[in-house]
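Comments concern the structure below.
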Amino acid sequence: MLSDFARRVLPLLGHLEVTGDAPEGPAPGSIVAANHSSLIDPGVVLAALARRGVPDPVVLAAAGLWRIPVLGGRLRAEGHIPVHRGEQRAAEALVTAAEALADGRVVVIYPEGRLPRRHDSGDRDPEPFRTGLARLALATGAPVVPVGQTGARRITSGSRGKQLAGLVTAPLRRPDLHVHFGAPIRLTGTPAEATAQAYAAVARARRTAAGPGLSDELLPHEPSLSADLTERVPAPR
């Protein structure tokens, strides 16, 4: 399984630290919402979930991954959910995710919906969230576990050449990776309001993963609400 593969391979690439506001991992039927900073993020989060006793989560990911030989077959076999961005059937992913939650699976979603468009290897707060996470949580009543992760960009980030070089040299450098699980929250209100709540929680978890030195004054403020709920909600500043 991909979770087992991530758990075995990731220690070769970096030193993973996993912390949480609660001693146990996400409960069955929970949504795990994580910040998205690097192509290797899913492996980092899957390895962290395995450590927290969640061996077979369902991940929502770009549909293009299903076209990759071998990987696509594993994704289908394990019940992961393709997201067809920019297509009418994109909403089908949320329907499938709701069914997985009803079956007691833990569902992993990256609310930003894309990687940051920058080339440096530093960690920053998440980019604006799409409303899919909020709509899924409001429709199902599932608790949301905010997850912040740092360090993955020191393995892969930037241009394709830089990403390949980072991956090849990672076993020698073994950068520090930190995944922090925040306390579960229940999203409320409109999709835009719930998106703002989720953003604040994930940003707070990411800053916990980043370490000391960030005061509460730097935590995001609630953004103005978006009239079009299919668009991204601006990140708080």
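In the structure tokens, the first chain shown is A, the next is B, and so on; residue numbers restart at 1 for each chain, and ligands run from 1 in the order shown.
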Worksheet entry | Contacts of region 4-17 of chain A within 9 Å, only C-alpha atoms, excl. fewer than 3 positions in-chain, as a PyMOL selection string | chain A and resi 1+42-48+50-51+55-56+151-152+155+167-180
Discussion item. With only C-alpha atoms as the counted atoms, please give the residues lying no more than 8 Å from region 197-209 of chain A, apart from itself and same-chain residues fewer than 6 positions off, as a PyMOL selection string.
Written reply: chain A and resi 33-35+125-126+128-129+134+144+146-150+178-182+187+219-222+235
Worksheet entry | Å distance separating CA of Leu39 (chain A) from CA of Val18 (chain A), one decimal place |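 Distance reported for this atom pair: 19.1 Å.
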Fill in: Within 12 Å of region 73-87 of chain A using only C-alpha atoms, minus same-chain residues under 6 positions, as a PyMOL selection string
chain A and resi 1-5+42+55-67+93-100+103+105-111+113-114+130+132+230-231
Discussion item. For a test of reading the model, state the distance in Å between CA of Arg186 (chain A) and CA of Gly25 (chain A), rounded to one decimal.
Written reply: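 Distance reported for this atom pair: 16.4 Å.
Between CA of Ala183 (chain A) and CA of Ala22 (chain A) there is a distance of 6.3 Å.
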Worksheet item: What residues in region 36-109 of chain A get the DSSP label helix (DSSP H, G or I)? Please answer as JSON, numbers by chain.
Response: {"A": [41, 42, 43, 44, 45, 46, 47, 48, 49, 50, 51, 63, 64, 65, 66, 67, 71, 72, 73, 74, 75, 76, 77, 88, 89, 90, 91, 92, 93, 94, 95, 96, 97, 98, 99, 100, 101, 102]}
